[in-house]
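Undergrad: I am sharing query15.cif, which consists of mmCIF, C-alpha atoms and all ligand atoms:
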data_my_file
#
loop_
_atom_site.label_atom_id
_atom_site.label_comp_id
_atom_site.auth_asym_id
_atom_site.auth_seq_id
_atom_site.Cartn_x
_atom_site.Cartn_y
_atom_site.Cartn_z
CA MET A 1 134.45 70.05 43.69
CA LYS A 2 137.72 68.78 45.11
CA LYS A 3 139.58 71.57 43.31
CA ILE A 4 137.30 74.23 44.74
CA LEU A 5 137.83 72.79 48.20
CA VAL A 6 141.60 72.97 47.79
CA ILE A 7 141.45 76.59 46.64
CA PHE A 8 139.09 77.41 49.47
CA SER A 9 141.37 75.80 52.06
CA LEU A 10 144.38 77.58 50.62
CA ALA A 11 142.56 80.89 50.86
CA ILE A 12 141.79 80.20 54.51
CA LEU A 13 145.41 79.34 55.17
CA LEU A 14 146.66 82.48 53.45
CA PHE A 15 144.46 84.71 55.52
CA SER A 16 144.89 82.80 58.70
CA PRO A 17 147.30 84.48 61.12
CA SER A 18 149.15 81.24 61.72
CA PHE A 19 150.04 80.42 58.12
CA PRO A 20 153.82 80.29 57.65
CA GLN A 21 153.67 83.25 55.21
CA ASP A 22 153.08 85.31 58.29
CA ILE A 23 156.36 84.08 59.63
CA GLY A 24 157.83 87.56 60.10
CA ASN A 25 154.98 88.50 62.38
CA TRP A 26 155.01 88.23 66.11
CA ASP A 27 151.92 87.87 68.17
CA ILE A 28 151.37 88.59 71.79
CA ILE A 29 149.33 85.82 73.31
CA SER A 30 147.96 85.30 76.77
CA ILE A 31 147.78 82.07 78.69
CA ASN A 32 146.02 81.40 81.96
CA LYS A 33 148.62 80.84 84.62
CA ASN A 34 148.76 77.54 86.49
CA PRO A 35 151.67 75.45 87.80
CA GLN A 36 151.48 72.68 85.16
CA THR A 37 151.45 75.11 82.24
CA LEU A 38 154.24 77.15 83.79
CA GLU A 39 156.43 74.07 84.01
CA LYS A 40 155.84 73.30 80.32
CA LEU A 41 156.33 76.91 79.23
CA ARG A 42 159.67 77.16 81.00
CA LYS A 43 161.07 74.41 78.79
CA MET A 44 160.00 76.09 75.57
CA HIS A 45 162.40 79.10 75.38
CA LEU A 46 159.46 81.48 75.16
CA ASP A 47 159.63 85.20 75.40
CA PHE A 48 157.77 86.24 78.51
CA LEU A 49 156.42 89.75 78.36
CA MET A 50 154.54 90.17 81.60
CA GLU A 51 152.18 88.64 84.07
CA LYS A 52 148.91 90.33 84.90
CA ASP A 53 145.62 89.30 86.49
CA GLY A 54 146.44 85.59 86.51
CA LYS A 55 147.53 85.61 82.86
CA ILE A 56 150.96 85.33 81.34
CA TYR A 57 151.61 87.39 78.21
CA ILE A 58 154.13 85.97 75.79
CA VAL A 59 155.63 87.19 72.53
CA THR A 60 155.34 84.33 70.06
CA ASN A 61 155.89 83.42 66.47
CA ILE A 62 154.34 80.68 64.39
CA SER A 63 156.65 77.96 65.64
CA ASP A 64 155.92 78.82 69.27
CA LEU A 65 152.21 78.58 68.54
CA LEU A 66 152.67 75.18 66.92
CA LYS A 67 154.54 73.99 70.01
CA LEU A 68 151.77 75.26 72.25
CA ASN A 69 149.27 73.36 70.14
CA GLN A 70 151.36 70.20 70.46
CA GLU A 71 151.46 70.61 74.22
CA ASN A 72 147.71 71.27 74.33
CA ILE A 73 148.16 74.61 76.02
CA PRO A 74 145.26 76.92 75.23
CA TYR A 75 146.06 80.55 74.43
CA SER A 76 144.38 83.69 73.16
CA ILE A 77 146.01 85.88 70.55
CA GLU A 78 146.13 89.54 71.54
CA THR A 79 145.86 92.18 68.87
CA PHE A 80 149.40 93.48 68.37
CA LYS A 81 151.48 92.50 65.33
CA PHE A 82 155.06 93.34 64.49
CA PRO A 83 156.11 93.68 60.86
CA PRO A 84 159.51 92.57 59.60
CA PHE A 85 162.05 95.39 59.24
CA LYS A 86 162.47 96.37 55.62
CA THR A 87 165.01 99.14 55.87
CA ASN A 88 168.44 99.46 57.35
CA ALA A 89 168.56 103.23 57.20
CA ALA A 90 170.51 104.68 60.10
CA SER A 91 168.19 106.65 62.34
CA ILE A 92 169.39 109.28 64.73
CA GLN A 93 166.13 110.60 66.05
CA GLY A 94 162.68 109.28 66.72
CA GLY A 95 163.64 106.26 68.76
CA ILE A 96 162.13 105.41 72.09
CA ASN A 97 165.50 104.99 73.78
CA GLY A 98 165.47 108.20 75.84
CA SER A 99 168.58 108.26 78.05
CA PHE A 100 169.66 104.83 76.83
CA HIS A 101 172.33 105.08 74.14
CA SER A 102 171.45 104.15 70.59
CA TYR A 103 174.14 102.95 68.20
CA LYS A 104 174.82 106.47 66.87
CA GLU A 105 174.87 107.99 70.33
CA THR A 106 177.29 105.31 71.53
CA GLU A 107 179.57 105.97 68.55
CA GLN A 108 179.50 109.67 69.38
CA GLU A 109 180.21 109.00 73.06
CA LEU A 110 183.21 106.79 72.24
CA ALA A 111 184.56 109.39 69.82
CA SER A 112 184.15 112.07 72.45
CA ILE A 113 186.02 110.02 75.09
CA GLU A 114 188.87 109.48 72.63
CA GLU A 115 188.95 113.15 71.71
CA THR A 116 188.95 114.31 75.34
CA TYR A 117 191.55 111.78 76.55
CA PRO A 118 193.67 110.88 73.50
CA LYS A 119 196.56 109.65 75.66
CA ILE A 120 194.56 106.96 77.40
CA ALA A 121 191.64 106.15 75.09
CA LYS A 122 191.57 104.88 71.55
CA VAL A 123 188.62 103.67 69.48
CA HIS A 124 189.12 100.63 67.26
CA VAL A 125 186.61 99.38 64.74
CA ILE A 126 186.94 95.65 65.26
CA GLY A 127 184.34 94.55 62.74
CA THR A 128 181.27 95.44 60.73
CA SER A 129 177.76 94.16 61.32
CA LEU A 130 175.54 92.61 58.65
CA GLU A 131 173.90 95.99 58.02
CA GLU A 132 177.34 97.60 57.91
CA ARG A 133 177.42 99.33 61.23
CA ASN A 134 180.69 99.54 63.13
CA ILE A 135 181.43 97.15 65.93
CA SER A 136 183.52 99.53 67.98
CA ALA A 137 185.88 98.85 70.83
CA ILE A 138 187.53 101.42 73.04
CA LYS A 139 190.90 100.61 74.51
CA ILE A 140 191.84 102.34 77.74
CA SER A 141 195.42 102.31 79.01
CA ASP A 142 198.45 104.52 79.33
CA GLN A 143 200.53 104.44 76.13
CA VAL A 144 197.25 103.51 74.51
CA GLY A 145 198.76 103.32 71.05
CA SER A 146 201.10 100.47 71.92
CA GLU A 147 200.66 96.94 73.18
CA GLU A 148 202.32 96.64 76.56
CA ASN A 149 202.83 93.61 78.69
CA GLU A 150 200.06 94.52 81.12
CA GLY A 151 197.00 92.71 82.40
CA GLU A 152 194.42 92.74 79.62
CA ILE A 153 190.70 92.51 80.23
CA LEU A 154 187.61 92.61 78.01
CA PHE A 155 184.12 93.97 78.74
CA LEU A 156 181.28 93.31 76.29
CA GLY A 157 177.76 94.70 76.06
CA CYS A 158 174.61 94.14 74.04
CA HIS A 159 174.84 90.72 72.47
CA HIS A 160 171.07 90.84 72.83
CA ALA A 161 169.31 93.78 71.25
CA ARG A 162 166.59 94.45 73.81
CA GLU A 163 169.01 94.41 76.75
CA TRP A 164 169.64 98.15 76.64
CA ILE A 165 171.14 98.47 80.11
CA SER A 166 173.92 96.14 78.94
CA VAL A 167 175.19 98.97 76.70
CA GLU A 168 175.19 101.51 79.50
CA VAL A 169 177.31 99.62 82.02
CA PRO A 170 180.39 99.01 79.81
CA LEU A 171 180.05 102.43 78.12
CA MET A 172 179.86 104.23 81.46
CA LEU A 173 182.79 102.16 82.73
CA ALA A 174 184.85 103.65 79.88
CA LYS A 175 183.65 107.11 80.81
CA PHE A 176 184.30 106.59 84.52
CA LEU A 177 187.85 105.35 84.03
CA THR A 178 188.81 108.18 81.71
CA ASP A 179 186.98 110.97 83.59
CA ASN A 180 188.67 110.03 86.87
CA TYR A 181 192.13 109.25 85.55
CA ASN A 182 193.61 112.65 86.25
CA THR A 183 192.05 113.16 89.66
CA ASP A 184 191.95 109.73 91.32
CA PRO A 185 195.37 108.10 91.90
CA ASP A 186 193.79 104.64 92.32
CA ILE A 187 192.11 104.88 88.94
CA LYS A 188 195.29 106.22 87.39
CA ALA A 189 197.25 103.25 88.75
CA LEU A 190 194.56 100.88 87.49
CA VAL A 191 194.60 102.32 83.97
CA ASP A 192 198.40 102.64 83.86
CA ASN A 193 198.90 98.99 84.71
CA SER A 194 196.25 97.37 82.56
CA GLU A 195 194.88 97.30 79.02
CA ILE A 196 191.12 97.56 79.21
CA TRP A 197 189.08 96.78 76.12
CA ILE A 198 185.39 97.66 76.04
CA VAL A 199 182.89 96.79 73.31
CA PRO A 200 179.60 98.38 74.42
CA ILE A 201 177.55 97.08 71.47
CA VAL A 202 178.30 93.67 69.96
CA ASN A 203 174.95 93.69 68.13
CA PRO A 204 174.38 97.18 66.68
CA ASP A 205 171.81 96.12 64.05
CA GLY A 206 169.70 94.39 66.66
CA LEU A 207 169.90 97.36 69.02
CA GLU A 208 168.71 99.77 66.33
CA TYR A 209 165.89 97.41 65.42
CA SER A 210 164.89 97.22 69.06
CA ILE A 211 164.84 101.01 69.33
CA TYR A 212 163.14 101.90 66.07
CA VAL A 213 160.97 98.92 65.17
CA TYR A 214 160.35 96.31 67.76
CA ARG A 215 161.43 96.81 71.37
CA TYR A 216 161.55 93.08 72.10
CA TRP A 217 164.03 92.13 69.38
CA ARG A 218 166.82 89.87 70.72
CA LYS A 219 168.97 88.42 67.90
CA ASN A 220 171.07 90.07 65.19
CA ARG A 221 169.42 90.91 61.87
CA ARG A 222 170.57 87.98 59.71
CA ASP A 223 168.10 87.29 56.92
CA ASN A 224 167.81 83.54 57.33
CA GLY A 225 166.37 83.22 53.83
CA ASP A 226 163.23 81.47 54.95
CA GLY A 227 161.26 84.50 56.04
CA THR A 228 162.82 84.56 59.47
CA TYR A 229 165.44 86.92 60.81
CA GLY A 230 168.21 86.75 63.30
CA VAL A 231 170.83 84.54 64.88
CA ASP A 232 171.27 84.53 68.65
CA LEU A 233 174.84 85.83 68.85
CA ASN A 234 175.22 84.37 72.31
CA ARG A 235 174.75 80.86 70.87
CA ASN A 236 177.03 81.33 67.85
CA TYR A 237 180.50 80.97 69.44
CA ALA A 238 182.70 78.05 68.44
CA PHE A 239 182.89 75.98 71.58
CA LYS A 240 180.41 73.14 72.06
CA TRP A 241 178.38 74.93 69.40
CA GLY A 242 175.09 73.09 68.91
CA PHE A 243 176.03 70.64 71.68
CA ASP A 244 172.33 69.88 72.10
CA ASN A 245 169.01 71.43 71.13
CA GLN A 246 168.22 72.48 74.65
CA GLY A 247 171.03 75.01 75.08
CA SER A 248 170.43 76.45 71.61
CA SER A 249 168.14 75.80 68.68
CA PRO A 250 168.69 74.66 65.08
CA ASP A 251 165.36 76.30 64.21
CA SER A 252 165.86 79.65 62.47
CA ILE A 253 162.78 81.19 63.99
CA SER A 254 163.79 80.40 67.53
CA GLN A 255 164.96 83.16 69.85
CA VAL A 256 168.01 80.99 70.59
CA PHE A 257 168.82 80.05 66.97
CA ARG A 258 172.54 79.27 66.90
CA GLY A 259 173.13 80.10 63.20
CA GLN A 260 174.25 77.91 60.30
CA SER A 261 177.73 77.31 61.70
CA PRO A 262 179.99 78.47 64.54
CA PHE A 263 181.00 82.09 63.99
CA SER A 264 178.67 82.36 61.01
CA GLU A 265 177.95 85.96 62.07
CA PRO A 266 180.28 88.95 61.54
CA GLU A 267 179.48 90.22 65.04
CA THR A 268 180.78 87.10 66.79
CA GLN A 269 183.70 86.89 64.33
CA ALA A 270 184.75 90.38 65.42
CA ILE A 271 184.90 89.26 69.05
CA HIS A 272 186.72 86.10 68.02
CA GLU A 273 189.42 88.10 66.22
CA LEU A 274 189.81 90.53 69.11
CA VAL A 275 190.21 87.76 71.68
CA ALA A 276 192.57 85.76 69.45
CA LYS A 277 194.86 88.79 69.04
CA HIS A 278 195.06 89.61 72.74
CA ASP A 279 195.94 87.97 75.98
CA PHE A 280 192.88 88.64 78.09
CA LYS A 281 193.04 87.56 81.71
CA ALA A 282 189.33 88.05 82.32
CA LEU A 283 186.15 88.75 80.38
CA VAL A 284 182.73 90.08 81.32
CA SER A 285 179.72 89.98 79.03
CA TYR A 286 176.82 92.12 80.27
CA HIS A 287 173.23 91.08 79.72
CA ASN A 288 169.95 91.54 81.51
CA PHE A 289 167.83 90.60 83.37
CA SER A 290 168.03 88.44 86.56
CA GLN A 291 170.72 90.01 88.81
CA VAL A 292 173.10 87.09 88.63
CA ILE A 293 176.76 86.55 87.89
CA LEU A 294 177.15 83.41 85.80
CA TYR A 295 180.24 81.47 84.85
CA PRO A 296 180.93 78.33 82.76
CA TRP A 297 179.92 75.83 82.03
CA GLY A 298 176.67 76.67 80.37
CA TYR A 299 176.58 73.69 78.01
CA LYS A 300 176.59 71.08 80.77
CA THR A 301 175.93 71.05 84.47
CA GLY A 302 179.37 69.90 85.64
CA PRO A 303 182.13 72.23 86.90
CA SER A 304 185.01 73.55 84.80
CA GLN A 305 188.59 72.88 85.88
CA ILE A 306 188.77 76.33 87.49
CA ASP A 307 185.37 76.25 89.15
CA ASP A 308 186.80 77.33 92.53
CA LEU A 309 188.42 80.37 91.01
CA LEU A 310 185.29 81.38 89.10
CA TYR A 311 183.21 80.92 92.23
CA THR A 312 185.57 83.06 94.31
CA LEU A 313 185.78 85.85 91.74
CA SER A 314 181.97 85.89 91.33
CA GLN A 315 181.43 85.98 95.05
CA ALA A 316 183.85 88.89 95.39
CA MET A 317 182.13 90.79 92.59
CA SER A 318 178.72 90.13 94.08
CA GLU A 319 179.86 91.46 97.47
CA ARG A 320 181.19 94.62 95.88
CA ILE A 321 177.95 95.16 93.98
CA GLN A 322 175.88 94.63 97.08
CA ALA A 323 178.02 97.06 99.08
CA VAL A 324 176.91 99.94 96.82
CA HIS A 325 173.16 99.98 97.41
CA GLY A 326 172.36 96.61 98.82
CA ARG A 327 171.15 94.96 95.62
CA ILE A 328 171.91 91.26 95.68
CA TYR A 329 173.32 89.53 92.61
CA ASP A 330 173.29 85.79 93.02
CA TYR A 331 176.18 83.88 91.42
CA GLY A 332 176.91 80.41 90.18
CA ARG A 333 177.47 78.13 87.24
CA ALA A 334 175.36 79.25 84.29
CA SER A 335 173.88 75.81 83.69
CA SER A 336 172.68 75.34 87.23
CA THR A 337 171.72 78.95 87.97
CA LEU A 338 169.76 79.91 84.87
CA TYR A 339 169.43 77.33 82.10
CA LEU A 340 171.56 75.36 79.67
CA THR A 341 173.23 77.37 76.92
CA ASN A 342 175.67 76.24 74.28
CA GLY A 343 177.86 78.36 72.00
CA ASP A 344 177.83 81.30 74.41
CA THR A 345 180.67 83.79 74.84
CA THR A 346 181.87 82.67 78.26
CA ASP A 347 182.04 78.91 77.60
CA TRP A 348 184.04 79.69 74.47
CA ALA A 349 186.43 82.15 76.15
CA LEU A 350 187.09 79.69 78.95
CA GLY A 351 187.02 76.51 76.86
CA VAL A 352 189.29 77.77 74.08
CA TYR A 353 191.43 80.46 75.74
CA ALA A 354 191.20 79.53 79.44
CA ILE A 355 190.00 83.05 80.23
CA PRO A 356 187.99 83.37 83.46
CA SER A 357 184.73 84.65 81.97
CA PHE A 358 181.48 85.92 83.40
CA THR A 359 178.03 86.79 82.20
CA ILE A 360 176.60 89.49 84.42
CA GLU A 361 172.82 89.57 84.15
CA LEU A 362 171.95 93.10 85.24
CA PRO A 363 168.73 94.15 86.99
CA PRO A 364 165.87 93.85 87.30
CA ILE A 365 165.64 90.62 89.19
CA ASP A 366 162.59 89.25 87.39
CA ILE A 367 159.84 89.87 84.89
CA LEU A 368 157.56 91.38 87.51
CA GLN A 369 160.12 94.14 88.14
CA GLY A 370 160.23 94.99 84.44
CA GLY A 371 162.10 92.15 82.75
CA PHE A 372 164.02 93.59 79.83
CA PHE A 373 162.90 97.11 80.68
CA ASN A 374 164.75 99.35 83.06
CA SER A 375 163.57 102.89 83.62
CA GLU A 376 165.91 105.68 82.62
CA GLY A 377 166.05 106.59 86.29
CA ASP A 378 167.69 103.27 87.11
CA ILE A 379 170.63 103.59 84.72
CA GLN A 380 172.84 105.55 87.13
CA SER A 381 172.37 103.24 90.08
CA ILE A 382 172.91 100.07 88.04
CA VAL A 383 176.08 101.54 86.55
CA ALA A 384 177.28 102.71 89.97
CA GLU A 385 176.87 99.34 91.64
CA ASN A 386 178.70 97.55 88.83
CA LEU A 387 181.78 99.77 88.75
CA PRO A 388 183.48 98.27 91.86
CA ALA A 389 183.01 94.74 90.51
CA ALA A 390 184.55 95.74 87.18
CA ILE A 391 187.43 97.46 88.98
CA TYR A 392 187.98 94.37 91.10
CA LEU A 393 188.30 92.23 87.98
CA ILE A 394 190.69 94.72 86.38
CA GLU A 395 192.86 94.37 89.48
CA TRP A 396 192.72 90.62 89.09
CA ALA A 397 193.86 90.99 85.47
CA ILE A 398 196.75 93.20 86.58
CA GLN A 399 197.85 90.67 89.22
CA ASN A 400 197.79 87.91 86.62
CA ALA A 401 199.49 89.82 83.82
CA GLY A 402 202.46 87.47 83.69
CA GLU A 403 200.53 84.26 84.18
CA LYS A 404 199.77 81.95 81.32
CA PRO A 405 196.08 81.12 81.40
CA SER A 406 195.48 77.44 81.81
CA LEU A 407 192.77 75.05 82.77
CA ASN A 408 195.29 72.45 83.84
CA HIS A 409 196.78 74.00 86.93
CA LYS A 410 195.18 75.58 89.93
CA ASN A 411 195.15 79.32 89.45
CA LYS A 412 195.92 81.26 92.56
CA LEU A 413 192.83 82.45 94.31
CA PRO A 414 192.39 86.20 94.43
CA SER A 415 192.50 86.57 98.21
CA GLU A 416 195.23 89.18 97.91
CA ILE A 417 193.08 91.67 96.11
CA ARG A 418 192.19 94.50 98.45
CA LYS A 419 188.61 95.16 99.37
CA LYS A 420 187.21 98.37 97.92
ZN ZN B 1 171.13 88.47 76.99
#
How would this structure read if it were set down as C-alpha cells?
Ligand SMILES: [Zn+2]
TA:
Amino acid sequence: MKKILVIFSLAILLFSPSFPQDIGNWDIISINKNPQTLEKLRKMHLDFLMEKDGKIYIVTNISDLLKLNQENIPYSIETFKFPPFKTNAASIQGGINGSFHSYKETEQELASIEETYPKIAKVHVIGTSLEERNISAIKISDQVGSEENEGEILFLGCHHAREWISVEVPLMLAKFLTDNYNTDPDIKALVDNSEIWIVPIVNPDGLEYSIYVYRYWRKNRRDNGDGTYGVDLNRNYAFKWGFDNQGSSPDSISQVFRGQSPFSEPETQAIHELVAKHDFKALVSYHNFSQVILYPWGYKTGPSQIDDLLYTLSQAMSERIQAVHGRIYDYGRASSTLYLTNGDTTDWALGVYAIPSFTIELPPIDILQGGFFNSEGDIQSIVAENLPAAIYLIEWAIQNAGEKPSLNHKNKLPSEIRKK
C-alpha cells in the first residue's frame, strides 16, 4: 500500500506543472494588485510583464513560485508555457524583431560601415559567445588601424537579451558618427581626436533567443547543468562579485544569477580583455527600461570617491537628452535610484579601472508604457535624443586624454565642455 502511494505521489509530481523537471518552463501568472503584495513582490527580483484590470502579470519559474508560496501570496497560473531552446542554429529570417537589429543584421551593418568608411571604421571580433557567435566591436577614429594617444571611450549595448533598444542606440551612434564625418566639421573633429569603441551586442546568444524563441529572455544562454539556463552578464563582472544575495543571486534559475565565478562567461571576459587593453576615459552601458542615467556604486548605497564628477556628467547628459524632445531621464547613484546590484559593468569599470561609467536605462519610463518593449516607431526618437549625450561624453574623453584615471584625486569637473 505504501509503495503504491509513493508511486502515485511521484506520478502526480511528474505531471504537476511545478515539479522541478519542468524547470525549463516559464509560466505567466497573475496576482491581484494591492500595496502589501506589491511591496513583497518588489523585493523578489520578479519579471513583471504588465498590469491590467487590477492584476499584475509576472513571468515566473519554479523557484519564483516557491517563493510566492513561502510569502503566502496567492496567484493564478495563466496558460502560456515557454520551452527551453534546443538549437543554436543561426536564423536570419522569421524573427519578430522587425526594424530592431538581430545579431546577423547587426553584423551586416557593422561590416557595411567598415566597408563604406574604411579610413575611420574598423570591426574587431573581441570574443566569441557560448554558442559561438561573434562579439563584435567597431572602432571609430582617424588612423583607425593604429592606437593613438587620444581620448578613448567605450559604448556597450545588449547585456540583457530582451532590451532590444539597447542595441539600436550604440549601433546608430556608430552610423551617425561615420555618416556625418565628411560633412560635419564638429563630428570630424570629434572622431579625429578620439578613439571610440562600440560593442552593440554583448550578449548575442541571448538576443537571438529573445527574437526567435522567447521574447522575455534576459540572461546569456549558459547551460547551468541543472536544467536551468543563463547567467546574468550584468552581475558577472569581477568587482564586489556576489557581495550579497540582494544585488545578485547564487541561484541558477534566478534572472539575476551571477554565474559560478567572476568572469565565468565568455561575453564578460571579452569586455574585460577589451577594457584591460585600452585606456578608456568613460564608459556607457545601454539598457532599458526606466529612463535613468545610473552611476556607481550599485553594490552599496554610499558614494564613490568621484561621486561629484559622476553626478555632474549625468546631469549634463540628462539635460542634453531632454533638450531633444523633452523626455526626462532622471539620474543618480544606481543603488539609490533603482536597486542594489553587484558584479555589474559600471561598478567594475570604476572600481578596478577608475573609469567614469554609466548605465543608461533607455525608455520607456515604466512597465505601463511598455516595459521592455519599444515600438519600431520609437527607435529613431530614442536614438536621436541619446546622440548629444554620447557626443558630450566623447568630448569629455577627449579633454581627459592625457589624464591618468584615479579615484584618489578630485577629477576636474567638466564645466568647460561646451553646450550643444
Ligand atoms: Zn538591462
Undergrad: Have a look at A:Glu273, A:Glu71, A:Asp344, A:Glu39 and name the one nearest to ligand ZN 1 (chain B); count all atoms listed in the file.
TA: A:Asp344
Undergrad: What does the list of residues within 9 Å of ligand ZN 1 (chain B) look like if you count only C-alpha atoms and all ligand atoms, written as an mmCIF file with C-alpha atoms, in the coordinates of the input?
TA:
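The resulting file, out_37.cif, is reproduced below:
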data_model
loop_
_atom_site.group_PDB
_atom_site.id
_atom_site.type_symbol
_atom_site.label_atom_id
_atom_site.label_comp_id
_atom_site.auth_asym_id
_atom_site.auth_seq_id
_atom_site.Cartn_x
_atom_site.Cartn_y
_atom_site.Cartn_z
ATOM 1 C CA CYS A 158 174.610 94.140 74.040
ATOM 2 C CA HIS A 159 174.840 90.720 72.470
ATOM 3 C CA HIS A 160 171.070 90.840 72.830
ATOM 4 C CA ALA A 161 169.310 93.780 71.250
ATOM 5 C CA ARG A 162 166.590 94.450 73.810
ATOM 6 C CA GLU A 163 169.010 94.410 76.750
ATOM 7 C CA SER A 166 173.920 96.140 78.940
ATOM 8 C CA ARG A 218 166.820 89.870 70.720
ATOM 9 C CA ASN A 234 175.220 84.370 72.310
ATOM 10 C CA SER A 285 179.720 89.980 79.030
ATOM 11 C CA TYR A 286 176.820 92.120 80.270
ATOM 12 C CA HIS A 287 173.230 91.080 79.720
ATOM 13 C CA ASN A 288 169.950 91.540 81.510
ATOM 14 C CA PHE A 289 167.830 90.600 83.370
ATOM 15 C CA THR A 359 178.030 86.790 82.200
ATOM 16 C CA GLU A 361 172.820 89.570 84.150
#
Undergrad: Measure the distance from atom CA of Asn224 of chain A to atom CA of Pro250 of chain A in Å and round it to one decimal.
TA: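 Calculated distance between atom CA of Asn224 of chain A and atom CA of Pro250 of chain A is 11.8 Å.
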Undergrad: Choose the residue, out of A:Lys277, A:Lys119, A:Arg333, A:His325, that has the smallest atom-to-atom separation from Val191 of chain A; count all atoms listed in the file.
TA: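 Selected residue with least distance to Val191 of chain A: A:Lys119.
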Undergrad: Name the residues in contact with Asp192 of chain A at a cut-off of 12 Å, using only C-alpha atoms, excluding same-chain residues fewer than 6 positions from it; report them as a PyMOL selection string.
TA: chain A and resi 119-121+140-144+148-152+177-178+181-182+185-186+394-395+398
Undergrad: Go ahead and save the picked residues with C-alpha atoms, as a JSON list (two decimals), in the coordinates of the input.
TA:
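Output saved as part-v1.json:
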[["chain", "number", "residue", "atom", "x", "y", "z"],
["A", 119, "LYS", "CA", 196.56, 109.65, 75.66],
["A", 120, "ILE", "CA", 194.56, 106.96, 77.40],
["A", 121, "ALA", "CA", 191.64, 106.15, 75.09],
["A", 140, "ILE", "CA", 191.84, 102.34, 77.74],
["A", 141, "SER", "CA", 195.42, 102.31, 79.01],
["A", 142, "ASP", "CA", 198.45, 104.52, 79.33],
["A", 143, "GLN", "CA", 200.53, 104.44, 76.13],
["A", 144, "VAL", "CA", 197.25, 103.51, 74.51],
["A", 148, "GLU", "CA", 202.32, 96.64, 76.56],
["A", 149, "ASN", "CA", 202.83, 93.61, 78.69],
["A", 150, "GLU", "CA", 200.06, 94.52, 81.12],
["A", 151, "GLY", "CA", 197.00, 92.71, 82.40],
["A", 152, "GLU", "CA", 194.42, 92.74, 79.62],
["A", 177, "LEU", "CA", 187.85, 105.35, 84.03],
["A", 178, "THR", "CA", 188.81, 108.18, 81.71],
["A", 181, "TYR", "CA", 192.13, 109.25, 85.55],
["A", 182, "ASN", "CA", 193.61, 112.65, 86.25],
["A", 185, "PRO", "CA", 195.37, 108.10, 91.90],
["A", 186, "ASP", "CA", 193.79, 104.64, 92.32],
["A", 394, "ILE", "CA", 190.69, 94.72, 86.38],
["A", 395, "GLU", "CA", 192.86, 94.37, 89.48],
["A", 398, "ILE", "CA", 196.75, 93.20, 86.58]]
Undergrad: Using all atoms listed in the file, which of the listed residues (A:Leu350, A:Ile113, A:Val213, A:Leu407) sits closest to Ile306 of chain A?
TA: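 Ranking A:Leu350, A:Ile113, A:Val213, A:Leu407 by distance to Ile306 of chain A, first place goes to A:Leu407.
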Undergrad: Which residues are near Lys43 of chain A? Cut-off 12 Å, only C-alpha atoms, ignore same chain within fewer than 3 positions. Put them as a list in words.
TA: Gln36, Thr37, Leu38, Glu39, Lys40, Leu46, Asp47, Asp64, Lys67, Leu68, Glu71, Asn245, Gln246, Gly247, Ser248, Leu338, Tyr339 and Leu340 of chain A
Undergrad: In Å, with one decimal, what is the gap from atom CA of Ile73 of chain A to atom CA of Leu41 of chain A?
TA: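 It comes out at 9.1 Å.
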Undergrad: Quick check, in Å to one decimal: how far apart do atom CA of Leu368 of chain A and atom CA of Ile29 of chain A lie?
TA: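 Going from atom CA of Leu368 of chain A over to atom CA of Ile29 of chain A, I get 17.3 Å.
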Undergrad: Quick one: residues within 12 Å of Ile360 of chain A, all atoms listed in the file counted, chain neighbours fewer than 6 positions away excluded, as a ChimeraX atom specification?
TA: /A:155-158,163,165-166,169-170,283-295,314,317-318,321,329-334,338,345-346,382,386,389-390
Undergrad: Could you write those residues out with C-alpha atoms, as a short mmCIF file (atom, residue, chain, number, x, y, z; two decimals), in the coordinates of the input?
TA:
data_model
loop_
_atom_site.label_atom_id
_atom_site.label_comp_id
_atom_site.auth_asym_id
_atom_site.auth_seq_id
_atom_site.Cartn_x
_atom_site.Cartn_y
_atom_site.Cartn_z
CA PHE A 155 184.12 93.97 78.74
CA LEU A 156 181.28 93.31 76.29
CA GLY A 157 177.76 94.70 76.06
CA CYS A 158 174.61 94.14 74.04
CA GLU A 163 169.01 94.41 76.75
CA ILE A 165 171.14 98.47 80.11
CA SER A 166 173.92 96.14 78.94
CA VAL A 169 177.31 99.62 82.02
CA PRO A 170 180.39 99.01 79.81
CA LEU A 283 186.15 88.75 80.38
CA VAL A 284 182.73 90.08 81.32
CA SER A 285 179.72 89.98 79.03
CA TYR A 286 176.82 92.12 80.27
CA HIS A 287 173.23 91.08 79.72
CA ASN A 288 169.95 91.54 81.51
CA PHE A 289 167.83 90.60 83.37
CA SER A 290 168.03 88.44 86.56
CA GLN A 291 170.72 90.01 88.81
CA VAL A 292 173.10 87.09 88.63
CA ILE A 293 176.76 86.55 87.89
CA LEU A 294 177.15 83.41 85.80
CA TYR A 295 180.24 81.47 84.85
CA SER A 314 181.97 85.89 91.33
CA MET A 317 182.13 90.79 92.59
CA SER A 318 178.72 90.13 94.08
CA ILE A 321 177.95 95.16 93.98
CA TYR A 329 173.32 89.53 92.61
CA ASP A 330 173.29 85.79 93.02
CA TYR A 331 176.18 83.88 91.42
CA GLY A 332 176.91 80.41 90.18
CA ARG A 333 177.47 78.13 87.24
CA ALA A 334 175.36 79.25 84.29
CA LEU A 338 169.76 79.91 84.87
CA THR A 345 180.67 83.79 74.84
CA THR A 346 181.87 82.67 78.26
CA ILE A 382 172.91 100.07 88.04
CA ASN A 386 178.70 97.55 88.83
CA ALA A 389 183.01 94.74 90.51
CA ALA A 390 184.55 95.74 87.18
#
Undergrad: Around the point (189.4, 97.9, 68.9) (coordinates from the file), which residues reach within 6 Å if we count all atoms listed in the file? Answer as a ChimeraX atom specification.
TA: /A:123-126,137-138
Undergrad: Counting only C-alpha atoms, figure out which residue out of A:Leu130, A:Leu309, A:Ala282, A:Ile153 gets nearest to Val231 of chain A.
TA: A:Leu130
Undergrad: Out of A:Phe176, A:Leu171, A:Asp251, A:Ala354, which residue has the shortest atom-to-atom distance to Asp226 of chain A when counting all atoms listed in the file?
TA: A:Asp251
Undergrad: Compare A:Lys55, A:Asn97, A:Pro363, A:Ser249 by their minimum atom-to-atom distance to Tyr214 of chain A, counting only C-alpha atoms, and give me the closest one.
TA: A:Asn97
Undergrad: So which residues touch Phe100 of chain A within 8 Å, counting only C-alpha atoms, skipping near sequence neighbours fewer than 6 positions away, as a list in words?
TA: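 Neighbouring residues, sequence-local ones excluded: Trp164, Ile165, Glu168 and Glu376 of chain A.
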Undergrad: Let me have the centre and edge lengths in Å, one decimal, of the box along x, y and z around every listed atom of segment 233-242 of chain A with 6 Å of margin on each side, as AutoDock Vina command-line options.
TA:
--center_x 178.8 --center_y 79.5 --center_z 70.1 --size_x 20.1 --size_y 24.7 --size_z 16.5
